[in-house]
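Undergrad: Structure file entry.pdb (PDB, C-alpha atoms) right here:
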ATOM      1  CA  MET A1044     105.672  67.895  92.406
ATOM      2  CA  LEU A1045     102.883  70.336  91.545
ATOM      3  CA  GLN A1046     100.328  67.620  92.109
ATOM      4  CA  ALA A1047     101.787  66.933  95.566
ATOM      5  CA  VAL A1048     101.565  70.614  96.496
ATOM      6  CA  LYS A1049      97.952  70.796  95.292
ATOM      7  CA  GLY A1050      97.136  67.683  97.283
ATOM      8  CA  GLN A1051      98.736  69.110 100.397
ATOM      9  CA  PHE A1052      96.859  72.392  99.917
ATOM     10  CA  ALA A1053      93.547  70.596  99.481
ATOM     11  CA  LEU A1054      94.195  68.544 102.616
ATOM     12  CA  THR A1055      95.038  71.691 104.555
ATOM     13  CA  MET A1056      91.850  73.417 103.408
ATOM     14  CA  THR A1057      89.816  70.356 104.307
ATOM     15  CA  LEU A1058      91.327  70.246 107.774
ATOM     16  CA  LEU A1059      90.762  73.976 108.183
ATOM     17  CA  ALA A1060      87.135  73.666 107.082
ATOM     18  CA  THR A1061      86.660  70.770 109.477
ATOM     19  CA  ALA A1062      88.194  72.774 112.318
ATOM     20  CA  LEU A1063      85.956  75.756 111.551
ATOM     21  CA  TRP A1064      82.901  73.499 111.475
ATOM     22  CA  CYS A1065      83.885  71.996 114.833
ATOM     23  CA  CYS A1066      84.382  75.467 116.308
ATOM     24  CA  ARG A1067      81.009  76.559 114.982
ATOM     25  CA  GLN A1068      79.343  73.487 116.470
ATOM     26  CA  LEU A1069      81.120  74.031 119.783
ATOM     27  CA  TYR A1070      80.061  77.679 119.820
ATOM     28  CA  THR A1071      76.451  76.702 119.097
ATOM     29  CA  TYR A1072      76.523  74.095 121.849
ATOM     30  CA  ILE A1073      78.009  76.507 124.405
ATOM     31  CA  ALA A1074      75.482  79.202 123.460
ATOM     32  CA  HIS A1075      72.660  76.694 123.839
ATOM     33  CA  LEU A1076      74.054  75.536 127.177
ATOM     34  CA  LEU A1077      74.359  79.109 128.478
ATOM     35  CA  LYS A1078      70.819  79.914 127.375
ATOM     36  CA  TRP A1079      69.516  76.781 129.092
ATOM     37  CA  TRP A1080      71.448  77.596 132.272
ATOM     38  CA  SER A1081      70.186  81.181 132.240
ATOM     39  CA  ARG A1082      66.597  80.000 131.910
ATOM     40  CA  TYR A1083      67.127  77.414 134.642
ATOM     41  CA  LEU A1084      68.466  80.034 137.034
ATOM     42  CA  GLN A1085      65.639  82.389 136.141
ATOM     43  CA  ARG A1086      63.062  79.676 136.850
ATOM     44  CA  LYS A1087      64.857  78.721 140.058
ATOM     45  CA  PHE A1088      64.974  82.275 141.349
ATOM     46  CA  THR A1089      61.398  82.938 140.286
ATOM     47  CA  ASN A1090      60.119  79.801 142.004
ATOM     48  CA  ASN A1091      62.118  80.429 145.171
ATOM     49  CA  GLN A1092      61.735  84.188 145.226
ATOM     50  CA  SER A1093      60.550  85.343 148.644
ATOM     51  CA  VAL A1094      59.715  88.772 147.181
ATOM     52  CA  SER A1095      57.792  88.573 143.924
ATOM     53  CA  ALA A1096      58.054  90.827 140.892
ATOM     54  CA  GLU A1097      55.886  93.932 140.711
ATOM     55  CA  ALA A1098      52.207  93.322 139.931
ATOM     56  CA  ASP A1099      49.499  95.832 139.064
ATOM     57  CA  LEU A1100      47.813  96.849 142.340
ATOM     58  CA  LEU A1101      44.201  96.805 141.159
ATOM     59  CA  GLY A1102      44.794  93.613 139.192
ATOM     60  CA  TYR A1103      46.184  91.977 142.312
ATOM     61  CA  CYS A1104      43.187  93.215 144.311
ATOM     62  CA  ALA A1105      40.694  91.886 141.743
ATOM     63  CA  LYS A1106      42.353  88.473 141.881
ATOM     64  CA  GLU A1107      42.558  88.274 145.672
ATOM     65  CA  TRP A1108      39.204  89.860 146.573
ATOM     66  CA  LYS A1109      36.742  88.826 143.863
ATOM     67  CA  GLU A1110      33.996  87.579 146.204
ATOM     68  CA  GLU A1111      30.954  89.659 147.121
ATOM     69  CA  THR A1112      31.410  89.443 150.889
ATOM     70  CA  GLU A1113      31.472  92.575 153.024
ATOM     71  CA  GLN A1114      35.174  92.086 153.685
ATOM     72  CA  ALA A1115      35.957  91.748 149.986
ATOM     73  CA  LYS A1116      33.977  94.912 149.176
ATOM     74  CA  HIS A1117      35.805  96.752 151.958
ATOM     75  CA  MET A1118      39.180  95.631 150.603
ATOM     76  CA  ARG A1119      38.370  96.621 147.029
ATOM     77  CA  LYS A1120      37.459 100.119 148.219
ATOM     78  CA  ALA A1121      40.625 100.292 150.279
ATOM     79  CA  TYR A1122      42.800  99.284 147.315
ATOM     80  CA  GLU A1123      41.101 101.875 145.100
ATOM     81  CA  GLU A1124      41.778 104.517 147.753
ATOM     82  CA  LEU A1125      45.397 103.407 147.898
ATOM     83  CA  PHE A1126      45.658 103.612 144.109
ATOM     84  CA  TRP A1127      44.092 107.033 143.621
ATOM     85  CA  ARG A1128      44.913 108.902 146.830
ATOM     86  CA  TYR A1129      48.345 107.535 147.712
ATOM     87  CA  HIS A1130      49.526 106.798 144.149
ATOM     88  CA  VAL A1131      50.356 103.157 144.873
ATOM     89  CA  LYS A1132      50.238 101.619 141.387
ATOM     90  CA  SER A1133      51.781  98.195 141.943
ATOM     91  CA  VAL A1134      52.729  95.757 144.676
ATOM     92  CA  ARG A1135      55.380  93.166 145.434
ATOM     93  CA  GLN A1136      54.071  90.152 147.320
ATOM     94  CA  VAL A1137      56.236  89.003 150.222
ATOM     95  CA  SER A1138      56.372  85.450 151.547
ATOM     96  CA  GLY A1139      54.107  85.341 154.549
ATOM     97  CA  ASP A1140      56.187  83.598 157.200
ATOM     98  CA  ASN A1141      57.151  85.173 160.532
ATOM     99  CA  TYR A1142      60.152  86.945 158.974
ATOM    100  CA  CYS A1143      57.725  88.817 156.727
ATOM    101  CA  VAL A1144      58.278  92.356 158.069
ATOM    102  CA  LEU A1145      62.057  91.960 158.232
ATOM    103  CA  ARG A1146      62.052  90.634 154.662
ATOM    104  CA  ALA A1147      59.910  93.469 153.278
ATOM    105  CA  VAL A1148      61.977  96.172 155.003
ATOM    106  CA  LEU A1149      65.398  94.723 154.160
ATOM    107  CA  PHE A1150      64.452  94.126 150.521
ATOM    108  CA  GLN A1151      63.610  97.818 150.139
ATOM    109  CA  ILE A1152      66.788  98.898 151.917
ATOM    110  CA  PHE A1153      68.855  96.775 149.550
ATOM    111  CA  SER A1154      66.939  97.626 146.381
ATOM    112  CA  GLN A1155      67.142 101.366 147.124
ATOM    113  CA  GLY A1156      70.859 101.173 147.912
ATOM    114  CA  ILE A1157      70.369 102.684 151.378
ATOM    115  CA  PRO A1158      73.726 102.746 153.233
ATOM    116  CA  LEU A1159      74.508 101.064 156.527
ATOM    117  CA  PRO A1160      73.214 102.826 159.669
ATOM    118  CA  SER A1161      75.449 105.684 160.784
ATOM    119  CA  TRP A1162      75.985 104.173 164.240
ATOM    120  CA  THR A1163      77.858 101.234 162.664
ATOM    121  CA  LYS A1164      80.674 103.598 161.631
ATOM    122  CA  ALA A1165      81.687 104.097 165.261
ATOM    123  CA  THR A1166      81.005 100.521 166.349
ATOM    124  CA  ASP A1167      82.664  97.291 165.254
ATOM    125  CA  VAL A1168      79.456  95.335 164.695
ATOM    126  CA  LEU A1169      81.324  92.039 164.368
ATOM    127  CA  LYS A1170      82.486  92.339 167.963
ATOM    128  CA  LEU A1171      79.071  93.170 169.413
ATOM    129  CA  PRO A1172      78.325  89.626 170.694
ATOM    130  CA  GLU A1173      81.643  89.456 172.560
ATOM    131  CA  LYS A1174      81.266  93.042 173.774
ATOM    132  CA  LEU A1175      77.888  92.287 175.314
ATOM    133  CA  LEU A1176      79.074  89.029 176.816
ATOM    134  CA  TYR A1177      82.466  90.008 178.219
ATOM    135  CA  SER A1178      82.391  93.795 178.622
ATOM    136  CA  GLN A1179      78.787  94.358 179.607
ATOM    137  CA  GLY A1180      78.184  91.092 181.444
ATOM    138  CA  CYS A1181      75.271  89.923 179.315
ATOM    139  CA  ASN A1182      76.075  86.226 179.587
ATOM    140  CA  TRP A1183      72.402  85.466 179.040
ATOM    141  CA  ILE A1184      72.737  86.202 175.300
ATOM    142  CA  GLN A1185      73.882  82.600 174.963
ATOM    143  CA  GLN A1186      70.175  81.783 175.294
ATOM    144  CA  TYR A1187      69.512  83.599 172.012
ATOM    145  CA  SER A1188      67.352  81.551 169.609
ATOM    146  CA  PHE A1189      67.939  81.481 165.835
ATOM    147  CA  GLY A1190      64.400  81.060 164.573
ATOM    148  CA  SER A1191      63.506  77.403 164.978
ATOM    149  CA  GLU A1192      66.843  76.685 166.710
ATOM    150  CA  GLN A1193      65.793  77.056 170.325
ATOM    151  CA  TYR A1194      69.204  76.778 171.971
ATOM    152  CA  THR A1195      72.713  76.624 170.542
ATOM    153  CA  GLY A1196      74.752  76.992 173.758
ATOM    154  CA  SER A1197      78.446  77.698 173.269
ATOM    155  CA  ASN A1198      77.946  78.072 169.507
ATOM    156  CA  THR A1199      75.790  81.187 169.949
ATOM    157  CA  LEU A1200      78.551  83.794 169.666
ATOM    158  CA  GLY A1201      80.057  82.212 166.565
ATOM    159  CA  LYS A1202      76.686  81.911 164.846
ATOM    160  CA  LEU A1203      75.800  85.500 165.713
ATOM    161  CA  ARG A1204      79.140  86.734 164.363
ATOM    162  CA  ARG A1205      78.627  84.864 161.092
ATOM    163  CA  CYS A1206      75.106  86.261 160.735
ATOM    164  CA  ILE A1207      76.306  89.818 161.383
ATOM    165  CA  GLU A1208      79.203  89.423 158.946
ATOM    166  CA  THR A1209      76.799  88.153 156.289
ATOM    167  CA  LEU A1210      74.473  91.118 156.798
ATOM    168  CA  ARG A1211      77.293  93.667 156.768
ATOM    169  CA  SER A1212      79.056  92.259 153.702
ATOM    170  CA  GLN A1213      75.864  91.873 151.669
ATOM    171  CA  TRP A1214      74.633  95.318 152.686
ATOM    172  CA  MET A1215      77.934  96.947 151.743
ATOM    173  CA  GLU A1216      78.043  95.110 148.412
ATOM    174  CA  VAL A1217      74.494  96.012 147.436
ATOM    175  CA  SER A1218      74.734  99.657 148.517
ATOM    176  CA  SER A1219      77.955 100.090 146.515
ATOM    177  CA  ILE A1220      76.173  99.225 143.238
ATOM    178  CA  LYS A1221      75.027 102.412 141.527
ATOM    179  CA  ASP A1222      73.217 100.817 138.595
ATOM    180  CA  GLN A1223      69.636 100.150 139.700
ATOM    181  CA  TYR A1224      69.111  97.243 137.284
ATOM    182  CA  GLU A1225      72.270  95.470 138.458
ATOM    183  CA  ARG A1226      71.357  96.120 142.086
ATOM    184  CA  GLY A1227      67.892  94.692 141.459
ATOM    185  CA  ASN A1228      69.336  91.505 139.968
ATOM    186  CA  LEU A1229      71.538  91.009 143.020
ATOM    187  CA  CYS A1230      68.561  91.564 145.326
ATOM    188  CA  ASN A1231      66.568  88.945 143.426
ATOM    189  CA  ALA A1232      69.405  86.463 143.876
ATOM    190  CA  LEU A1233      69.796  87.235 147.592
ATOM    191  CA  PHE A1234      66.099  86.856 148.279
ATOM    192  CA  ALA A1235      65.974  83.479 146.573
ATOM    193  CA  ASP A1236      68.402  81.899 149.041
ATOM    194  CA  GLU A1237      66.464  80.847 152.144
ATOM    195  CA  SER A1238      69.518  79.992 154.238
ATOM    196  CA  LEU A1239      71.184  83.315 153.455
ATOM    197  CA  GLU A1240      67.981  85.214 154.175
ATOM    198  CA  HIS A1241      67.645  83.668 157.620
ATOM    199  CA  LYS A1242      71.174  84.767 158.503
ATOM    200  CA  LEU A1243      70.313  88.324 157.480
ATOM    201  CA  TYR A1244      67.153  88.362 159.586
ATOM    202  CA  GLU A1245      68.826  86.856 162.635
ATOM    203  CA  ALA A1246      71.514  89.542 162.394
ATOM    204  CA  ILE A1247      68.802  92.208 162.339
ATOM    205  CA  LYS A1248      67.142  90.634 165.369
ATOM    206  CA  PHE A1249      70.445  90.772 167.245
ATOM    207  CA  ILE A1250      70.979  94.415 166.265
ATOM    208  CA  MET A1251      67.510  95.146 167.658
ATOM    209  CA  LEU A1252      68.517  93.426 170.903
ATOM    210  CA  TYR A1253      71.731  95.460 171.033
ATOM    211  CA  GLN A1254      69.718  98.681 170.725
ATOM    212  CA  VAL A1255      67.419  97.534 173.535
ATOM    213  CA  ILE A1256      70.430  96.859 175.792
ATOM    214  CA  GLU A1257      71.980 100.247 174.989
ATOM    215  CA  ALA A1258      68.692 102.056 175.682
ATOM    216  CA  TYR A1259      68.174 100.158 178.953
ATOM    217  CA  GLU A1260      71.638 101.094 180.215
ATOM    218  CA  CYS A1261      71.078 104.734 179.250
ATOM    219  CA  LEU A1262      67.772 104.653 181.096
ATOM    220  CA  ASN A1263      69.422 103.294 184.232
ATOM    221  CA  ARG A1264      72.230 105.856 184.111
ATOM    222  CA  LYS A1265      69.740 108.663 183.426
ATOM    223  CA  GLN A1266      72.439 110.255 181.313
ATOM    224  CA  GLU A1267      70.863 110.322 177.891
ATOM    225  CA  CYS A1268      67.463 110.863 176.384
ATOM    226  CA  ILE A1269      66.178 107.735 174.648
ATOM    227  CA  PRO A1270      63.427 107.476 172.016
ATOM    228  CA  ARG A1271      59.984 107.371 173.602
ATOM    229  CA  PHE A1272      59.044 103.962 172.220
ATOM    230  CA  PHE A1273      61.628 102.348 174.529
ATOM    231  CA  ASN A1274      59.534 103.507 177.487
ATOM    232  CA  GLN A1275      56.563 101.671 175.968
ATOM    233  CA  LEU A1276      58.701  98.564 175.522
ATOM    234  CA  PHE A1277      60.095  98.532 179.068
ATOM    235  CA  VAL A1278      56.743  99.220 180.734
ATOM    236  CA  ARG A1279      55.370  95.861 179.617
ATOM    237  CA  ASP A1280      55.480  93.023 182.131
ATOM    238  CA  THR A1281      56.987  90.743 179.493
ATOM    239  CA  SER A1282      59.849  93.084 178.541
ATOM    240  CA  LEU A1283      60.871  94.942 181.694
ATOM    241  CA  ASP A1284      64.546  94.509 180.773
ATOM    242  CA  PRO A1285      66.591  93.229 177.793
ATOM    243  CA  LEU A1286      66.665  89.644 179.062
ATOM    244  CA  SER A1287      62.893  89.377 179.426
ATOM    245  CA  TYR A1288      62.470  91.072 176.054
ATOM    246  CA  MET A1289      64.747  88.518 174.397
ATOM    247  CA  MET A1290      63.169  85.509 176.106
ATOM    248  CA  ASN A1291      59.522  86.559 175.734
ATOM    249  CA  HIS A1292      59.548  88.395 172.411
ATOM    250  CA  LEU A1293      62.695  88.445 170.287
ATOM    251  CA  ASN A1294      63.508  84.727 170.371
ATOM    252  CA  ALA A1295      60.110  83.862 168.930
ATOM    253  CA  ILE A1296      60.446  86.177 165.905
ATOM    254  CA  GLY A1297      60.838  84.088 162.783
ATOM    255  CA  GLU A1298      59.323  80.966 164.281
ATOM    256  CA  ARG A1299      56.141  81.693 166.247
ATOM    257  CA  ARG A1300      55.550  85.401 165.726
ATOM    258  CA  GLY A1301      56.386  88.497 163.729
ATOM    259  CA  LEU A1302      56.876  92.040 165.050
ATOM    260  CA  ASP A1303      54.418  94.014 167.156
ATOM    261  CA  GLN A1304      53.809  97.763 166.953
ATOM    262  CA  VAL A1305      56.559  98.787 169.388
ATOM    263  CA  GLU A1306      59.040  96.543 167.588
ATOM    264  CA  LEU A1307      58.300  98.314 164.310
ATOM    265  CA  PHE A1308      59.684 101.464 165.937
ATOM    266  CA  LEU A1309      62.640  99.433 167.201
ATOM    267  CA  LEU A1310      63.294  97.959 163.748
ATOM    268  CA  GLY A1311      63.270 101.361 162.061
ATOM    269  CA  HIS A1312      65.472 102.824 164.799
ATOM    270  CA  SER A1313      67.989  99.967 164.495
ATOM    271  CA  LEU A1314      68.279 100.209 160.695
ATOM    272  CA  GLU A1315      67.787 104.006 160.547
ATOM    273  CA  VAL A1316      64.790 103.957 158.220
ATOM    274  CA  LYS A1317      61.357 105.470 158.550
ATOM    275  CA  ILE A1318      58.739 102.725 158.182
ATOM    276  CA  THR A1319      55.347 103.781 156.818
ATOM    277  CA  ILE A1320      52.525 101.231 156.779
ATOM    278  CA  TYR A1321      49.257 101.310 154.841
ATOM    279  CA  ARG A1322      46.711  99.354 156.883
ATOM    280  CA  LEU A1323      43.857  98.333 154.611
ATOM    281  CA  CYS A1324      42.006  96.718 157.510
ATOM    282  CA  LYS A1325      41.831 100.224 159.047
ATOM    283  CA  PHE A1326      40.575 101.847 155.831
ATOM    284  CA  ASN A1327      38.691 105.128 156.466
ATOM    285  CA  SER A1328      40.097 105.365 160.005
ATOM    286  CA  ALA A1329      42.724 107.641 161.511
ATOM    287  CA  VAL A1330      45.286 104.819 161.601
ATOM    288  CA  SER A1331      45.011 103.648 157.990
ATOM    289  CA  GLN A1332      48.490 105.128 157.394
ATOM    290  CA  GLU A1333      51.083 105.160 160.160
ATOM    291  CA  SER A1334      54.751 106.075 160.298
ATOM    292  CA  TYR A1335      57.149 104.444 162.736
ATOM    293  CA  ALA A1336      59.798 107.048 163.468
ATOM    294  CA  GLU A1337      60.413 109.677 166.117
ATOM    295  CA  MET A1338      60.150 113.309 165.033
ATOM    296  CA  TYR A1339      63.917 113.810 164.915
ATOM    297  CA  GLN A1340      64.268 110.789 162.636
ATOM    298  CA  ARG A1341      62.056 112.144 159.852
ATOM    299  CA  ASP A1342      64.987 112.693 157.482
ATOM    300  CA  TRP A1343      65.818 108.982 157.403
ATOM    301  CA  PRO A1344      65.151 107.064 154.159
ATOM    302  CA  GLU A1345      61.595 105.796 153.969
ATOM    303  CA  VAL A1346      60.326 102.289 153.283
ATOM    304  CA  PHE A1347      56.696 101.333 152.814
ATOM    305  CA  LEU A1348      54.638  98.341 153.868
ATOM    306  CA  LEU A1349      51.131  97.259 152.968
ATOM    307  CA  THR A1350      49.027  94.992 155.175
ATOM    308  CA  GLU A1351      45.508  93.657 155.032
ATOM    309  CA  ASP A1352      45.459  92.032 158.473
ATOM    310  CA  ASP A1353      48.436  93.358 160.538
ATOM    311  CA  ARG A1354      50.093  89.952 160.196
ATOM    312  CA  HIS A1355      51.264  89.653 156.595
ATOM    313  CA  TYR A1356      52.999  92.496 154.804
ATOM    314  CA  HIS A1357      53.677  93.333 151.163
ATOM    315  CA  ILE A1358      55.660  96.113 149.450
ATOM    316  CA  PRO A1359      53.632  98.900 147.820
ATOM    317  CA  ILE A1360      55.242 100.646 144.835
ATOM    318  CA  ILE A1361      54.440 104.350 144.607
ATOM    319  CA  SER A1362      54.434 106.059 141.198
ATOM    320  CA  ILE A1363      53.661 109.771 140.891
TER     321      ILE A1363
END
Output the file's structure as structure tokens, nothing else.
TA:
Amino acid sequence: MLQAVKGQFALTMTLLATALWCCRQLYTYIAHLLKWWSRYLQRKFTNNQSVSAEADLLGYCAKEWKEETEQAKHMRKAYEELFWRYHVKSVRQVSGDNYCVLRAVLFQIFSQGIPLPSWTKATDVLKLPEKLLYSQGCNWIQQYSFGSEQYTGSNTLGKLRRCIETLRSQWMEVSSIKDQYERGNLCNALFADESLEHKLYEAIKFIMLYQVIEAYECLNRKQECIPRFFNQLFVRDTSLDPLSYMMNHLNAIGERRGLDQVELFLLGHSLEVKITIYRLCKFNSAVSQESYAEMYQRDWPEVFLLTEDDRHYHIPIISI
């Protein structure tokens, strides 16, 4: 009897040891799998990242402008001025397609946790496409182009609504995160998804168009004072009214062109941020640093851009 009990005990211990060994092996395998998946995602996001990690400013300059041409010498001096005078110590490179400015501005808005524009509190942004179409008679917005998609016809309103919903939900989620490290991780994930990014930028384009329509109607009613840059926009032969602005300018953003100087004012006005640009091609001139905001908008959050050629923009990081 005693021998039977001992045998049963030994068998139980053996089974228990085997079970523990299996659990340990399973734990090791899962840990290895999670580590591999984490590294895979990190590589994927890094490779697809449309906004790169911070890089030392002067190191970046030395790599990009190492020749002895006059232009390279000019740029090296400009970067040194930026480093010492304006305290720009590092830079984030931004993918240089025609969404470049929108990408650089929105990334900073998200990474800083800047809240949604105040005007969105009194306006149901999801209903803006229908409002313009049915209430304000802007049936021409069905000719809106989504980047390379030249014409979507009856699908335009639905696509616009989905883009606006994506922008609003992502903006609200990011701005609600108080921890800067966690917010930065979410930004990195968002700006590694090309399809998602394009929805965000198309929503911003539509918001810019909405602001143009509102300003044009105020101008016609002569009831309200509008920011001065709208007068510059409407005086051009190619943007005398919202329709011509959309057809000749806005629709091409993202595919054939970026933003011009007047549209930088419009972008900042639409998102309620002050945009300040360091223009290295204008180094030692009066326009080497320019801010795109009306005087009464000076208390808006500020975002910074860096450009060498007024076509491609990067994000300067200021450290004082």
Undergrad: Run the PyMOL selection byres ((chain A and resi 1093) around 8) mentally over the shown coordinates, then write out the matched residues as an NGL selection string, using the chain letters and numbers from the document.
TA: :A and (1091-1092 or 1094-1095 or 1137-1138 or 1234-1235)
Undergrad: Those same residues, written as a PDB file, keeping the file's coordinate frame with C-alpha atoms?
TA:
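Written out: part-v9.pdb:
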ATOM      1  CA  ASN A1091      62.118  80.429 145.171  1.00  0.00           C
ATOM      2  CA  GLN A1092      61.735  84.188 145.226  1.00  0.00           C
ATOM      3  CA  VAL A1094      59.715  88.772 147.181  1.00  0.00           C
ATOM      4  CA  SER A1095      57.792  88.573 143.924  1.00  0.00           C
ATOM      5  CA  VAL A1137      56.236  89.003 150.222  1.00  0.00           C
ATOM      6  CA  SER A1138      56.372  85.450 151.547  1.00  0.00           C
ATOM      7  CA  PHE A1234      66.099  86.856 148.279  1.00  0.00           C
ATOM      8  CA  ALA A1235      65.974  83.479 146.573  1.00  0.00           C
TER       9      ALA A1235
END
Undergrad: Please provide as a list of chain:residue names all residues within 12 Å of A:Lys1317, with the sequence filter that same-chain residues fewer than 5 positions apart are discarded (counting all atoms listed in the file).
TA: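 Within the cut-off, the hits are A:Val1148, A:Gln1151, A:Ile1152, A:Ile1157, A:Leu1307, A:Phe1308, A:Leu1309, A:Leu1310, A:Gly1311, A:His1312, A:Glu1333, A:Ser1334, A:Tyr1335, A:Ala1336, A:Glu1337, A:Met1338, A:Tyr1339, A:Gln1340, A:Arg1341, A:Asp1342, A:Trp1343, A:Pro1344, A:Glu1345, A:Val1346, A:Phe1347, A:Leu1348.
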Undergrad: Can you work out the spacing between atom CA of A:Phe1326 and atom CA of A:Ala1121 in Å, to one decimal?
TA: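 So the two atoms, atom CA of A:Phe1326 and atom CA of A:Ala1121, lie 5.8 Å apart.
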Undergrad: Per residue of stretch 1249-1362 of chain A within 12 Å of stretch 1161-1169 of chain A, record the nearest atom pair and its distance in Å to one decimal, counting all atoms listed in the file, with rows in chain order and ascending residue number, as CSV.
TA:
residue,atom,partner,partner_atom,distance
A:Phe1249,CA,A:Val1168,CA,10.4
A:Ile1250,CA,A:Val1168,CA,8.7
A:Tyr1253,CA,A:Val1168,CA,10.0
A:Gln1254,CA,A:Trp1162,CA,10.6
A:His1312,CA,A:Trp1162,CA,10.6
A:Ser1313,CA,A:Trp1162,CA,9.0
A:Leu1314,CA,A:Ser1161,CA,9.0
A:Glu1315,CA,A:Ser1161,CA,7.8
A:Val1316,CA,A:Ser1161,CA,11.1
A:Trp1343,CA,A:Ser1161,CA,10.7
Undergrad: Go ahead and dump the residues you just picked, C-alpha atoms, as a PDB file, in the coordinates of the input.
TA:
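What landed in selection.pdb:
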ATOM      1  CA  PHE A1249      70.445  90.772 167.245  1.00  0.00           C
ATOM      2  CA  ILE A1250      70.979  94.415 166.265  1.00  0.00           C
ATOM      3  CA  TYR A1253      71.731  95.460 171.033  1.00  0.00           C
ATOM      4  CA  GLN A1254      69.718  98.681 170.725  1.00  0.00           C
ATOM      5  CA  HIS A1312      65.472 102.824 164.799  1.00  0.00           C
ATOM      6  CA  SER A1313      67.989  99.967 164.495  1.00  0.00           C
ATOM      7  CA  LEU A1314      68.279 100.209 160.695  1.00  0.00           C
ATOM      8  CA  GLU A1315      67.787 104.006 160.547  1.00  0.00           C
ATOM      9  CA  VAL A1316      64.790 103.957 158.220  1.00  0.00           C
ATOM     10  CA  TRP A1343      65.818 108.982 157.403  1.00  0.00           C
TER      11      TRP A1343
END
Undergrad: Find the distance between atom CA of A:Pro1359 and atom CA of A:Gly1156 and write it in Å to one decimal.
TA: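 We find that atom CA of A:Pro1359 and atom CA of A:Gly1156 lie 17.4 Å from each other.
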Undergrad: In Å, how far is it from atom CA of A:Lys1221 to atom CA of A:Leu1159?
TA: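 Interatomic distance here is 15.1 Å.
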Undergrad: Kindly resolve the PyMOL selection byres ((chain A and resi 1118) around 10) on the present coordinates and return the residues as a PyMOL selection string.
TA: chain A and resi 1104-1105+1107-1109+1112-1117+1119-1124+1323-1326+1351
Undergrad: Within 9 Å of A:Arg1299, counting all atoms listed in the file, which residues qualify if same-chain residues fewer than 5 places away don't, as a compact mmCIF listing (two decimals) with C-alpha atoms, in the frame of the given file?
TA:
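part04.txt written:
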# COMPACT_ATOMS: atom_id res chain seq x y z
CA ASN A 1141 57.15 85.17 160.53
CA GLY A 1190 64.40 81.06 164.57
CA SER A 1191 63.51 77.40 164.98
CA ASN A 1294 63.51 84.73 170.37
Undergrad: Here is a test: counting only C-alpha atoms, which residue of A:His1357, A:Lys1132, A:Arg1300, A:Leu1176 is nearest to A:Ser1197?
TA: A:Leu1176
Undergrad: Could you add N, CA, C and O atoms to stretch 1243-1252 of chain A and give me the result as a tab-separated table (two decimals), keeping the file's coordinate frame?
TA:
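Generated file (part_6.tsv):
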chain	number	residue	atom	x	y	z
A	1243	LEU	N	70.52	86.88	157.50
A	1243	LEU	CA	70.31	88.32	157.48
A	1243	LEU	C	69.30	88.74	158.54
A	1243	LEU	O	69.51	89.72	159.28
A	1244	TYR	N	68.21	88.00	158.64
A	1244	TYR	CA	67.15	88.36	159.59
A	1244	TYR	C	67.58	88.15	161.03
A	1244	TYR	O	67.23	88.94	161.91
A	1245	GLU	N	68.34	87.09	161.28
A	1245	GLU	CA	68.83	86.86	162.64
A	1245	GLU	C	69.82	87.94	163.04
A	1245	GLU	O	69.87	88.35	164.22
A	1246	ALA	N	70.60	88.43	162.10
A	1246	ALA	CA	71.51	89.54	162.39
A	1246	ALA	C	70.72	90.79	162.76
A	1246	ALA	O	71.08	91.52	163.69
A	1247	ILE	N	69.64	91.04	162.03
A	1247	ILE	CA	68.80	92.21	162.34
A	1247	ILE	C	68.17	92.07	163.72
A	1247	ILE	O	68.12	93.02	164.50
A	1248	LYS	N	67.70	90.87	164.04
A	1248	LYS	CA	67.14	90.63	165.37
A	1248	LYS	C	68.17	90.95	166.45
A	1248	LYS	O	67.86	91.59	167.46
A	1249	PHE	N	69.41	90.52	166.24
A	1249	PHE	CA	70.44	90.77	167.24
A	1249	PHE	C	70.75	92.26	167.36
A	1249	PHE	O	70.98	92.78	168.46
A	1250	ILE	N	70.75	92.97	166.23
A	1250	ILE	CA	70.98	94.42	166.26
A	1250	ILE	C	69.86	95.10	167.04
A	1250	ILE	O	70.09	96.05	167.81
A	1251	MET	N	68.63	94.61	166.88
A	1251	MET	CA	67.51	95.15	167.66
A	1251	MET	C	67.74	94.91	169.15
A	1251	MET	O	67.51	95.81	169.98
A	1252	LEU	N	68.23	93.73	169.50
A	1252	LEU	CA	68.52	93.43	170.90
A	1252	LEU	C	69.62	94.34	171.43
A	1252	LEU	O	69.53	94.85	172.57
